[in-house]
file model-v2.txt (compact mmCIF, C-alpha atoms and all ligand atoms)
# COMPACT_ATOMS: atom_id res chain seq x y z
CA MET A 153 -19.27 2.28 1.07
CA LEU A 154 -15.59 2.91 1.64
CA LEU A 155 -13.85 2.54 5.01
CA GLY A 156 -10.84 4.71 5.82
CA SER A 157 -9.61 8.29 5.87
CA GLY A 158 -6.21 8.57 4.15
CA GLY A 159 -4.76 9.39 0.76
CA ARG A 160 -5.28 5.79 -0.35
CA GLU A 161 -8.98 6.08 0.41
CA ASP A 162 -9.24 9.45 -1.34
CA ALA A 163 -7.85 7.80 -4.49
CA LEU A 164 -10.18 4.81 -4.10
CA ALA A 165 -13.17 7.11 -3.57
CA TRP A 166 -12.22 9.21 -6.61
CA ARG A 167 -11.96 6.11 -8.80
CA LEU A 168 -15.08 4.40 -7.38
CA ARG A 169 -17.13 7.56 -7.92
CA GLN A 170 -16.25 7.58 -11.62
CA SER A 171 -17.58 4.04 -12.00
CA PRO A 172 -20.86 3.80 -13.92
CA SER A 173 -22.11 1.14 -11.48
CA CYS A 174 -21.55 3.37 -8.42
CA GLY A 175 -24.75 5.34 -7.80
CA LYS A 176 -23.83 6.65 -4.39
CA LEU A 177 -20.72 6.51 -2.22
CA ILE A 178 -20.59 6.69 1.59
CA ALA A 179 -17.23 7.02 3.35
CA ALA A 180 -16.59 6.17 6.99
CA PRO A 181 -15.12 8.35 8.26
CA GLY A 182 -13.57 9.92 5.12
CA ASN A 183 -11.66 13.24 5.03
CA PRO A 184 -12.09 16.66 3.37
CA GLY A 185 -10.71 15.31 0.09
CA ILE A 186 -12.96 12.26 0.11
CA ALA A 187 -15.92 14.58 0.81
CA ARG A 188 -15.55 15.75 -2.80
CA TRP A 189 -16.64 12.33 -4.03
CA ALA A 190 -18.54 10.75 -1.15
CA GLU A 191 -20.88 11.47 1.71
CA CYS A 192 -18.68 11.21 4.83
CA VAL A 193 -20.16 9.71 7.99
CA ALA A 194 -18.33 9.89 11.33
CA VAL A 195 -18.17 6.16 12.05
CA ASP A 196 -15.06 4.36 13.33
CA PRO A 197 -14.03 1.90 10.56
CA CYS A 198 -12.82 -0.58 13.22
CA ASP A 199 -16.20 -0.64 14.98
CA ALA A 200 -17.79 -3.59 13.17
CA ALA A 201 -21.26 -3.15 14.71
CA ALA A 202 -21.41 0.56 13.84
CA VAL A 203 -20.16 -0.09 10.29
CA ALA A 204 -22.75 -2.87 9.78
CA ASP A 205 -25.52 -0.59 11.10
CA LEU A 206 -24.49 2.13 8.66
CA ALA A 207 -24.38 -0.37 5.79
CA ARG A 208 -27.89 -1.58 6.64
CA ARG A 209 -29.25 1.96 6.93
CA GLU A 210 -27.83 2.89 3.55
CA ALA A 211 -28.66 -0.45 1.87
CA ILE A 212 -25.03 -0.74 0.74
CA GLY A 213 -24.26 -2.94 -2.28
CA LEU A 214 -20.48 -3.17 -1.78
CA VAL A 215 -18.14 -2.34 1.09
CA VAL A 216 -14.51 -1.57 0.18
CA ILE A 217 -12.13 -1.66 3.15
CA GLY A 218 -9.12 0.62 2.63
CA PRO A 219 -6.76 0.21 5.63
CA GLU A 220 -5.36 -2.88 7.34
CA ALA A 221 -6.58 -2.18 10.89
CA PRO A 222 -10.29 -2.99 10.27
CA LEU A 223 -9.28 -6.09 8.28
CA VAL A 224 -7.07 -7.46 11.05
CA ALA A 225 -9.83 -6.55 13.55
CA GLY A 226 -12.36 -8.72 11.68
CA VAL A 227 -14.61 -6.01 10.26
CA ALA A 228 -14.83 -7.88 6.93
CA ASP A 229 -15.92 -11.04 8.78
CA ALA A 230 -18.72 -9.16 10.57
CA LEU A 231 -19.95 -7.50 7.38
CA ARG A 232 -19.92 -10.78 5.43
CA PHE A 233 -21.76 -12.47 8.26
CA ALA A 234 -24.37 -9.70 8.05
CA GLY A 235 -24.78 -10.49 4.34
CA PHE A 236 -22.87 -7.65 2.67
CA ALA A 237 -20.57 -7.95 -0.34
CA VAL A 238 -17.12 -6.98 0.98
CA PHE A 239 -13.85 -6.23 -0.82
CA GLY A 240 -11.18 -7.08 1.75
CA PRO A 241 -10.10 -10.29 3.51
CA ASN A 242 -11.44 -11.82 6.70
CA ALA A 243 -9.24 -11.62 9.81
CA ALA A 244 -7.82 -15.13 9.33
CA ALA A 245 -6.48 -14.27 5.86
CA ALA A 246 -5.43 -10.77 6.98
CA GLN A 247 -2.80 -12.48 9.14
CA LEU A 248 -0.67 -12.37 5.99
CA GLU A 249 -0.09 -8.76 7.01
CA GLY A 250 -0.84 -8.96 10.73
CA SER A 251 1.78 -11.63 11.47
CA LYS A 252 5.10 -11.86 9.66
CA GLY A 253 5.67 -15.27 11.24
CA PHE A 254 2.38 -16.58 9.85
CA THR A 255 3.39 -15.52 6.35
CA LYS A 256 6.89 -16.96 6.63
CA ASP A 257 5.52 -20.32 7.82
CA LEU A 258 2.99 -20.36 4.97
CA CYS A 259 5.78 -19.64 2.45
CA ARG A 260 7.95 -22.44 3.85
CA ALA A 261 5.07 -24.94 3.79
CA SER A 262 4.13 -24.04 0.20
CA GLY A 263 7.64 -23.64 -1.24
CA ILE A 264 7.14 -19.93 -1.94
CA PRO A 265 10.44 -18.11 -2.58
CA THR A 266 11.27 -15.81 0.33
CA ALA A 267 14.23 -15.03 2.62
CA ASP A 268 15.36 -17.87 4.89
CA TYR A 269 14.29 -17.15 8.49
CA VAL A 270 13.76 -18.27 12.07
CA ARG A 271 10.99 -17.23 14.45
CA VAL A 272 12.05 -16.64 18.04
CA ALA A 273 10.04 -15.96 21.18
CA ARG A 274 12.74 -14.23 23.26
CA PRO A 275 15.70 -11.85 22.74
CA ASP A 276 18.24 -14.47 23.92
CA ASP A 277 17.07 -16.93 21.28
CA ALA A 278 17.27 -14.15 18.71
CA LYS A 279 20.95 -13.48 19.47
CA ALA A 280 21.74 -17.17 19.24
CA ALA A 281 19.92 -17.31 15.91
CA LEU A 282 22.10 -14.53 14.48
CA ASP A 283 24.96 -17.00 14.00
CA ARG A 284 22.90 -18.80 11.39
CA PHE A 285 22.79 -15.76 9.15
CA GLY A 286 25.61 -13.61 7.89
CA ILE A 287 25.69 -9.84 7.99
CA PRO A 288 23.68 -7.92 6.86
CA VAL A 289 20.73 -9.53 8.62
CA VAL A 290 17.12 -8.46 9.02
CA ILE A 291 15.25 -8.26 12.35
CA LYS A 292 11.45 -7.93 12.33
CA ALA A 293 8.86 -7.54 15.08
CA ASP A 294 6.21 -10.23 14.58
CA GLY A 295 3.08 -8.07 14.51
CA LEU A 296 1.29 -5.24 12.77
CA ALA A 297 4.02 -2.59 12.90
CA ALA A 298 2.97 -0.19 10.12
CA GLY A 299 6.34 -0.66 8.41
CA LYS A 300 8.27 0.44 11.49
CA GLY A 301 9.17 -2.89 13.07
CA VAL A 302 11.98 -3.79 10.64
CA THR A 303 15.74 -3.29 11.01
CA VAL A 304 18.16 -4.12 8.23
CA ALA A 305 21.31 -4.47 10.37
CA MET A 306 24.60 -3.83 8.59
CA THR A 307 26.71 -4.94 11.60
CA ARG A 308 26.40 -7.55 14.34
CA ALA A 309 26.24 -4.75 16.94
CA GLU A 310 23.36 -3.12 15.09
CA ALA A 311 21.54 -6.45 14.97
CA GLU A 312 21.97 -6.98 18.71
CA ALA A 313 20.84 -3.42 19.42
CA ALA A 314 17.71 -4.00 17.34
CA ILE A 315 16.97 -7.18 19.28
CA ASP A 316 17.44 -5.36 22.61
CA ALA A 317 15.24 -2.49 21.46
CA ALA A 318 12.48 -4.90 20.44
CA GLY A 319 11.78 -5.82 24.06
CA ASP A 320 10.06 -9.07 24.95
CA GLY A 321 7.87 -9.74 21.94
CA PRO A 322 8.34 -12.46 19.31
CA LEU A 323 10.72 -11.72 16.43
CA VAL A 324 11.54 -13.00 12.98
CA ILE A 325 15.24 -13.07 11.98
CA GLU A 326 15.78 -13.14 8.24
CA GLU A 327 18.39 -13.62 5.59
CA PHE A 328 19.21 -10.34 3.77
CA LEU A 329 18.00 -10.31 0.17
CA GLU A 330 19.76 -8.29 -2.47
CA GLY A 331 18.03 -6.68 -5.42
CA GLU A 332 15.55 -4.01 -6.40
CA GLU A 333 12.17 -3.85 -4.67
CA ALA A 334 8.86 -3.67 -6.51
CA SER A 335 5.24 -4.03 -5.47
CA LEU A 336 2.71 -6.24 -7.22
CA PHE A 337 -1.00 -5.75 -6.60
CA ALA A 338 -3.17 -8.77 -7.37
CA LEU A 339 -6.91 -9.24 -7.09
CA VAL A 340 -7.68 -12.47 -5.27
CA ASP A 341 -10.98 -14.24 -4.90
CA GLY A 342 -10.40 -17.52 -3.12
CA GLU A 343 -8.26 -19.70 -5.37
CA SER A 344 -8.14 -17.36 -8.35
CA ALA A 345 -5.80 -14.43 -8.62
CA VAL A 346 -5.07 -11.94 -11.40
CA PRO A 347 -2.50 -9.15 -11.52
CA LEU A 348 -3.90 -5.62 -11.34
CA ALA A 349 -0.87 -3.31 -11.36
CA SER A 350 2.72 -2.83 -10.23
CA ALA A 351 4.38 0.11 -8.51
CA GLN A 352 7.51 1.26 -6.73
CA ASP A 353 7.68 3.60 -3.76
CA HIS A 354 10.19 5.60 -1.75
CA LYS A 355 10.13 4.78 1.96
CA ARG A 356 12.90 7.04 3.29
CA VAL A 357 12.14 10.60 4.24
CA GLY A 358 15.18 12.15 2.55
CA GLU A 359 16.36 12.59 -1.01
CA GLY A 360 18.66 9.87 -2.28
CA ASP A 361 16.63 7.42 -0.14
CA THR A 362 18.27 8.55 3.10
CA GLY A 363 17.03 9.19 6.65
CA PRO A 364 14.35 7.40 8.65
CA ASN A 365 11.62 5.22 7.16
CA THR A 366 8.19 6.69 6.53
CA GLY A 367 4.88 5.34 5.30
CA GLY A 368 6.10 6.37 1.84
CA MET A 369 7.15 9.73 0.33
CA GLY A 370 6.14 9.01 -3.24
CA ALA A 371 5.39 6.27 -5.74
CA TYR A 372 5.02 5.57 -9.39
CA ALA A 373 3.16 3.03 -11.48
CA PRO A 374 3.67 0.86 -13.34
CA ALA A 375 7.10 -0.41 -12.23
CA PRO A 376 8.82 -1.26 -15.55
CA VAL A 377 11.48 -3.19 -13.58
CA LEU A 378 8.78 -5.80 -12.94
CA THR A 379 8.69 -7.02 -16.53
CA ALA A 380 5.83 -9.14 -17.87
CA ASP A 381 8.01 -12.23 -17.37
CA LEU A 382 8.87 -11.40 -13.76
CA GLU A 383 5.25 -10.52 -13.05
CA ALA A 384 4.09 -13.87 -14.43
CA ARG A 385 6.68 -15.66 -12.27
CA ALA A 386 5.61 -13.73 -9.19
CA MET A 387 1.97 -14.64 -9.84
CA ASP A 388 2.75 -18.33 -10.43
CA GLU A 389 5.44 -18.85 -7.78
CA ILE A 390 4.22 -16.51 -5.04
CA VAL A 391 0.69 -15.07 -5.26
CA ARG A 392 -1.26 -18.07 -6.60
CA PRO A 393 0.33 -20.64 -4.24
CA THR A 394 -0.51 -18.26 -1.37
CA ALA A 395 -4.14 -18.00 -2.45
CA ARG A 396 -4.33 -21.79 -2.79
CA ALA A 397 -2.76 -22.39 0.62
CA LEU A 398 -5.23 -20.04 2.32
CA ALA A 399 -8.20 -21.54 0.49
CA GLN A 400 -7.09 -25.05 1.42
CA ALA A 401 -6.75 -23.99 5.05
CA GLY A 402 -10.40 -22.93 4.97
CA THR A 403 -9.52 -19.23 5.23
CA PRO A 404 -9.75 -17.99 1.63
CA PHE A 405 -8.45 -14.52 0.76
CA ASN A 406 -10.74 -11.97 -0.85
CA GLY A 407 -9.53 -8.55 -1.87
CA VAL A 408 -6.24 -7.09 -3.04
CA LEU A 409 -3.04 -8.88 -2.13
CA TYR A 410 -0.03 -6.57 -2.20
CA ALA A 411 3.18 -8.53 -2.59
CA GLY A 412 6.35 -6.63 -1.68
CA LEU A 413 8.95 -8.33 -3.89
CA MET A 414 12.72 -8.37 -4.01
CA LEU A 415 13.86 -8.92 -7.59
CA THR A 416 16.92 -11.03 -6.84
CA ALA A 417 19.36 -12.72 -9.21
CA ASP A 418 17.34 -15.93 -8.60
CA GLY A 419 14.05 -14.29 -9.51
CA PRO A 420 11.33 -12.57 -7.46
CA LYS A 421 11.22 -13.37 -3.74
CA LEU A 422 8.55 -12.30 -1.29
CA ILE A 423 9.60 -9.70 1.29
CA GLU A 424 6.19 -9.17 2.80
CA TYR A 425 2.48 -9.17 2.13
CA ASN A 426 -0.01 -6.46 2.77
CA VAL A 427 -3.70 -7.24 2.57
CA ARG A 428 -4.85 -3.91 1.11
CA PHE A 429 -3.64 -1.30 -1.36
CA GLY A 430 -0.39 0.46 -0.54
CA ASP A 431 -0.36 4.12 0.38
CA PRO A 432 0.90 6.03 -1.70
CA GLU A 433 1.02 3.30 -4.40
CA CYS A 434 -2.79 3.33 -4.56
CA GLU A 435 -2.78 7.02 -5.48
CA ALA A 436 -0.54 6.21 -8.47
CA ILE A 437 -2.48 3.10 -9.52
CA MET A 438 -6.06 4.40 -9.41
CA PRO A 439 -5.68 6.86 -12.31
CA LEU A 440 -4.33 4.02 -14.48
CA ILE A 441 -7.34 1.73 -14.11
CA ASP A 442 -9.67 1.56 -17.06
CA GLY A 443 -13.30 0.55 -16.97
CA ASP A 444 -15.85 0.22 -14.17
CA PHE A 445 -13.68 -0.11 -11.05
CA ALA A 446 -16.61 -0.53 -8.65
CA GLU A 447 -17.93 -3.41 -10.78
CA LEU A 448 -14.46 -4.97 -10.84
CA LEU A 449 -14.21 -4.89 -7.04
CA HIS A 450 -17.80 -6.13 -6.77
CA SER A 451 -16.91 -9.10 -8.97
CA VAL A 452 -14.08 -9.97 -6.55
CA ALA A 453 -16.30 -9.49 -3.51
CA THR A 454 -18.98 -11.78 -4.92
CA GLY A 455 -16.64 -14.53 -6.10
CA ARG A 456 -16.92 -13.72 -9.81
CA LEU A 457 -13.33 -12.72 -10.50
CA GLY A 458 -12.65 -13.82 -14.05
CA GLU A 459 -15.89 -12.36 -15.40
CA ILE A 460 -14.22 -8.97 -15.63
CA GLU A 461 -10.61 -8.59 -16.69
CA PRO A 462 -8.77 -5.70 -15.06
CA LYS A 463 -7.60 -3.24 -17.69
CA LEU A 464 -5.05 -0.45 -17.44
CA THR A 465 -4.90 2.68 -19.57
CA GLY A 466 -1.26 2.11 -20.53
CA LYS A 467 -0.26 5.49 -19.10
CA HIS A 468 2.22 6.25 -16.32
CA ALA A 469 1.50 7.89 -12.98
CA VAL A 470 3.73 9.59 -10.41
CA THR A 471 2.64 10.52 -6.87
CA VAL A 472 4.62 12.99 -4.77
CA ILE A 473 3.76 13.15 -1.07
CA VAL A 474 3.73 16.54 0.59
CA ALA A 475 4.29 15.98 4.31
CA ALA A 476 4.18 18.27 7.33
CA ARG A 477 7.55 19.44 8.68
CA GLY A 478 8.75 17.09 11.41
CA TYR A 479 7.40 13.92 9.78
CA PRO A 480 8.10 11.01 10.41
CA GLY A 481 8.69 12.37 13.91
CA THR A 482 6.09 14.73 15.37
CA PRO A 483 4.61 16.61 12.41
CA ALA A 484 3.67 20.29 12.56
CA SER A 485 -0.11 20.39 12.78
CA GLY A 486 -2.56 23.04 11.62
CA GLY A 487 -0.53 24.68 8.82
CA LEU A 488 -2.66 26.39 6.16
CA ILE A 489 -2.79 24.79 2.71
CA ARG A 490 -3.75 26.90 -0.31
CA GLU A 491 -3.76 26.66 -4.12
CA ILE A 492 -4.78 23.04 -4.48
CA ASP A 493 -7.08 24.20 -7.27
CA ALA A 494 -4.12 25.74 -9.07
CA ALA A 495 -2.21 22.46 -8.77
CA GLU A 496 -5.15 20.58 -10.24
CA GLN A 497 -5.14 22.95 -13.22
CA VAL A 498 -1.98 21.17 -14.38
CA GLU A 499 -3.03 18.61 -16.99
CA GLY A 500 -3.50 15.07 -15.69
CA VAL A 501 -3.18 16.07 -12.01
CA THR A 502 -5.32 15.16 -9.00
CA VAL A 503 -4.38 16.16 -5.47
CA PHE A 504 -5.48 13.49 -3.01
CA HIS A 505 -5.87 14.36 0.66
CA ALA A 506 -3.90 12.19 3.05
CA GLY A 507 -3.98 14.24 6.26
CA THR A 508 -6.09 17.38 6.04
CA ALA A 509 -8.89 19.00 8.02
CA LEU A 510 -11.10 22.03 7.59
CA GLY A 511 -10.00 24.85 9.89
CA GLU A 512 -11.52 28.29 10.37
CA GLN A 513 -9.38 29.83 7.63
CA GLY A 514 -9.64 26.91 5.25
CA LEU A 515 -7.82 23.66 4.64
CA ILE A 516 -5.17 22.79 7.24
CA ALA A 517 -2.68 19.96 7.81
CA LYS A 518 -3.64 17.19 10.19
CA GLY A 519 -1.14 14.34 10.21
CA GLY A 520 2.31 13.53 8.84
CA ARG A 521 1.56 12.87 5.21
CA VAL A 522 -0.76 15.65 4.11
CA LEU A 523 -1.23 15.58 0.31
CA ALA A 524 -0.58 13.02 -2.42
CA VAL A 525 -0.05 14.96 -5.64
CA THR A 526 -0.61 12.59 -8.54
CA ALA A 527 -0.08 13.12 -12.25
CA THR A 528 -0.57 10.85 -15.24
CA ALA A 529 0.92 11.15 -18.72
CA ASP A 530 1.92 8.99 -21.66
CA THR A 531 5.46 8.61 -20.35
CA PHE A 532 7.00 8.32 -16.90
CA ALA A 533 9.11 11.47 -17.41
CA ASN A 534 6.09 13.56 -18.42
CA ALA A 535 4.03 12.30 -15.50
CA ARG A 536 6.87 13.19 -13.15
CA ALA A 537 7.27 16.67 -14.65
CA ARG A 538 3.55 17.32 -14.29
CA ALA A 539 3.52 16.11 -10.69
CA TYR A 540 6.31 18.51 -9.71
CA ARG A 541 4.72 21.39 -11.65
CA ALA A 542 1.58 20.79 -9.58
CA VAL A 543 3.50 20.49 -6.29
CA ASP A 544 5.11 23.85 -7.04
CA GLN A 545 1.68 25.49 -7.26
CA ILE A 546 0.75 24.49 -3.72
CA ASP A 547 1.13 27.06 -0.97
CA PHE A 548 1.85 25.14 2.24
CA ALA A 549 4.56 26.82 4.31
CA ASP A 550 4.70 23.97 6.83
CA GLY A 551 5.15 21.31 4.16
CA PHE A 552 8.07 19.52 2.54
CA HIS A 553 8.50 16.92 -0.17
CA ARG A 554 11.22 14.97 -1.97
CA ARG A 555 12.32 16.28 -5.36
CA ASP A 556 13.70 12.93 -6.52
CA ILE A 557 10.67 10.65 -6.64
CA GLY A 558 11.27 8.09 -9.38
CA TRP A 559 15.03 8.66 -9.63
CA ARG A 560 15.67 5.00 -10.48
CA GLU A 561 13.24 5.13 -13.36
CA LEU A 562 14.67 8.43 -14.55
CA GLU A 563 18.17 6.92 -14.58
CA ARG A 564 16.93 3.89 -16.48
CA GLU A 565 15.18 6.06 -19.07
CA GLY A 566 18.29 8.24 -19.34
CA ALA A 567 20.40 5.16 -19.89
P1 LIG B 601 8.79 -5.19 5.55
O1 LIG B 601 8.02 -4.40 6.60
O2 LIG B 601 8.89 -6.62 5.85
O3 LIG B 601 8.33 -4.85 4.17
O4 LIG B 601 10.27 -4.59 5.56
C1 LIG B 601 10.48 -3.20 5.36
C2 LIG B 601 11.65 -3.01 4.43
O5 LIG B 601 12.80 -3.65 4.94
C3 LIG B 601 11.44 -3.64 3.06
O6 LIG B 601 10.72 -2.80 2.21
C4 LIG B 601 12.88 -3.86 2.61
O7 LIG B 601 13.43 -2.67 2.11
C5 LIG B 601 13.58 -4.20 3.87
N1 LIG B 601 13.64 -5.66 4.04
C6 LIG B 601 12.76 -6.45 4.68
N2 LIG B 601 13.13 -7.74 4.63
C7 LIG B 601 14.28 -7.78 3.94
C8 LIG B 601 15.18 -8.84 3.56
N3 LIG B 601 14.97 -10.11 3.91
N4 LIG B 601 16.27 -8.50 2.85
C9 LIG B 601 16.52 -7.23 2.51
N5 LIG B 601 15.72 -6.19 2.84
C10 LIG B 601 14.62 -6.45 3.55
call {"tool": "encode", "arguments": {"input": "model-v2.txt", "output": "structure tokens"}}
result
Amino acid sequence: MLLGSGGREDALAWRLRQSPSCGKLIAAPGNPGIARWAECVAVDPCDAAAVADLARREAIGLVVIGPEAPLVAGVADALRFAGFAVFGPNAAAAQLEGSKGFTKDLCRASGIPTADYVRVARPDDAKAALDRFGIPVVIKADGLAAGKGVTVAMTRAEAEAAIDAAGDGPLVIEEFLEGEEASLFALVDGESAVPLASAQDHKRVGEGDTGPNTGGMGAYAPAPVLTADLEARAMDEIVRPTARALAQAGTPFNGVLYAGLMLTADGPKLIEYNVRFGDPECEAIMPLIDGDFAELLHSVATGRLGEIEPKLTGKHAVTVIVAARGYPGTPASGGLIREIDAAEQVEGVTVFHAGTALGEQGLIAKGGRVLAVTATADTFANARARAYRAVDQIDFADGFHRRDIGWRELEREGA
């Protein structure tokens, strides 16, 4: 059973369904894309009692939790307590994503490389703390903010404005880190952790990485900038010490730990953790995973990580998000979407549904990010070309997308 209803979950469902060990897949609540691979049941993924009832009724062998909200709400705890195998951390370990302050304190206590910081309870303290850091400086709301509670202030005035705008809640003030960002996805089962895949994404809405932040307008995997050496360092210096610290605190992590890294001149430093797959990184990673994915996740959920080694195909994947006009503000809702089949005729392409619904005339947009068009190929450049060829097949008048997903990688390959 899979919990969630976005593009990430469509990719997870697609990959789980191809697993020899997966006989049947239930999604709660799912979406029209997920309905291609799973039986969708209208159950709120944050309602632990309803999810547990459904799991009992269906005699579920493994529950995979896609989004962060049910994890932070303790749905994994409730399911484990009811005796189910669950891929996804308990609420105590999900604080790695739910509370930036929690993660920063854990890093400091365990000597994990990350930006220097202070936690403050009130805006006045925050302004006083600014003197400790130069400019630029980073201001973060200390809670689950879906990527929106962060300001990288390029001037003192901007920093003070961000503090004023944050209101009364607790904040984290951070040293600005310089470098290129990359994401590392590791499978963690208590004290053991193994790397699964790397990716890079594009957070800004506009081409050239301009304009407001979004949930992500595209991604590609792997991220060659995270070399084998850097990945090994990130596992040894960041991910494994985190897993150990949580296990020693009596709140072991189980699931996928997504480390947002800054590749600085001093090596990889942690920017943030997420306690689930990234969206849209997941859409780019799933087509690259070789072998029985459901069995791999089951081995994590049942504390047998190490019995199965994650394997990748060695290919490259590029995901282009098609969003509804207006996103990340108020997106146009209800626009007709046609020719997804034509897009999927392009070799190596799958169109995952991020925000769609079935209207009277067919598939319509429902949400900001609508489709995640994903292509794989033997090289990054070919995967990217296929993804855009597929995007160009889609007839969605209310939609827009970025034409420059993967520009960094393209420049590197060109060089
Ligand atoms: P977060 O929600 O913590 O991932 O922050 C969102 C984005 O803000 C990150 O993806 C970075 O681009 C940027 N950011 C966060 N913290 C820092 C930092 N200490 N130095 C530089 N950039 C940062």
call {"tool": "residues_near_point", "arguments": {"input": "model-v2.txt", "point": "(19.4, -15.9, 18.8)", "cutoff": "12 Å", "atoms": "all atoms listed in the file", "output": "list in words"}}
result
Tyr269, Val270, Arg271, Val272, Ala273, Arg274, Pro275, Asp276, Asp277, Ala278, Lys279, Ala280, Ala281, Leu282, Asp283, Arg284, Phe285, Ile291, Arg308, Ala311, Glu312, Ile315, Asp316, Pro322, Leu323, Val324, Ile325 and Glu326 of chain A
call {"tool": "residues_near_ligand", "arguments": {"input": "model-v2.txt", "ligand": "ligand LIG 601 (chain B)", "cutoff": "6 Å", "atoms": "all atoms listed in the file", "output": "list in words"}}
result
Ala267, Val290, Gly299, Val302, Glu326, Glu327, Phe328, Leu329, Ile423 and Glu424 of chain A
call {"tool": "closest_residue", "arguments": {"input": "model-v2.txt", "among": "A:Ala524, A:Arg260, A:Thr454, A:Thr508", "to": "Pro393 (chain A)", "atoms": "all atoms listed in the file"}}
result
A:Arg260
call {"tool": "closest_residue", "arguments": {"input": "model-v2.txt", "among": "A:Thr502, A:Asn426, A:Asn242, A:Asn406", "to": "Ala345 (chain A)", "atoms": "all atoms listed in the file"}}
result
A:Asn406
call {"tool": "atom_distance", "arguments": {"input": "model-v2.txt", "atom1": "CA of His553 (chain A)", "atom2": "CA of Glu565 (chain A)"}}
result
22.8 Å
call {"tool": "atom_distance", "arguments": {"input": "model-v2.txt", "atom1": "CA of Ile186 (chain A)", "atom2": "CA of His505 (chain A)"}}
result
7.4 Å
call {"tool": "atom_distance", "arguments": {"input": "model-v2.txt", "atom1": "CA of Lys355 (chain A)", "atom2": "CA of Gly370 (chain A)"}}
result
7.8 Å
call {"tool": "residues_around", "arguments": {"input": "model-v2.txt", "residues": "region 211-215 of chain A", "least_positions_apart": "4", "cutoff": "6 Å", "atoms": "all atoms listed in the file", "output": "ChimeraX atom specification"}}
result
/A:153-154,207,237-238
call {"tool": "residues_near_point", "arguments": {"input": "model-v2.txt", "point": "(18.2, -14.7, -12.7)", "cutoff": "12 Å", "atoms": "only C-alpha atoms", "output": "PDB file with C-alpha atoms, in the frame of the given file"}}
result
ATOM      1  CA  GLY A 331      18.030  -6.680  -5.420  1.00  0.00           C
ATOM      2  CA  ASP A 381       8.010 -12.230 -17.370  1.00  0.00           C
ATOM      3  CA  LEU A 382       8.870 -11.400 -13.760  1.00  0.00           C
ATOM      4  CA  ARG A 385       6.680 -15.660 -12.270  1.00  0.00           C
ATOM      5  CA  LEU A 415      13.860  -8.920  -7.590  1.00  0.00           C
ATOM      6  CA  THR A 416      16.920 -11.030  -6.840  1.00  0.00           C
ATOM      7  CA  ALA A 417      19.360 -12.720  -9.210  1.00  0.00           C
ATOM      8  CA  ASP A 418      17.340 -15.930  -8.600  1.00  0.00           C
ATOM      9  CA  GLY A 419      14.050 -14.290  -9.510  1.00  0.00           C
ATOM     10  CA  PRO A 420      11.330 -12.570  -7.460  1.00  0.00           C
ATOM     11  CA  LYS A 421      11.220 -13.370  -3.740  1.00  0.00           C
TER      12      LYS A 421
END
call {"tool": "residues_around", "arguments": {"input": "model-v2.txt", "residues": "Thr394 (chain A)", "least_positions_apart": "6", "cutoff": "9 Å", "atoms": "all atoms listed in the file", "output": "MDAnalysis selection string"}}
result
chainID A and resid 258:259 262 264 343
call {"tool": "closest_residue", "arguments": {"input": "model-v2.txt", "among": "A:Asp341, A:Lys252, A:Val474, A:Ala533", "to": "Ile546 (chain A)", "atoms": "only C-alpha atoms"}}
result
A:Val474
call {"tool": "residues_around", "arguments": {"input": "model-v2.txt", "residues": "Ala261 (chain A)", "least_positions_apart": "6", "cutoff": "12 Å", "atoms": "all atoms listed in the file", "output": "PyMOL selection string"}}
result
chain A and resi 254-255+393-394+396-398+401
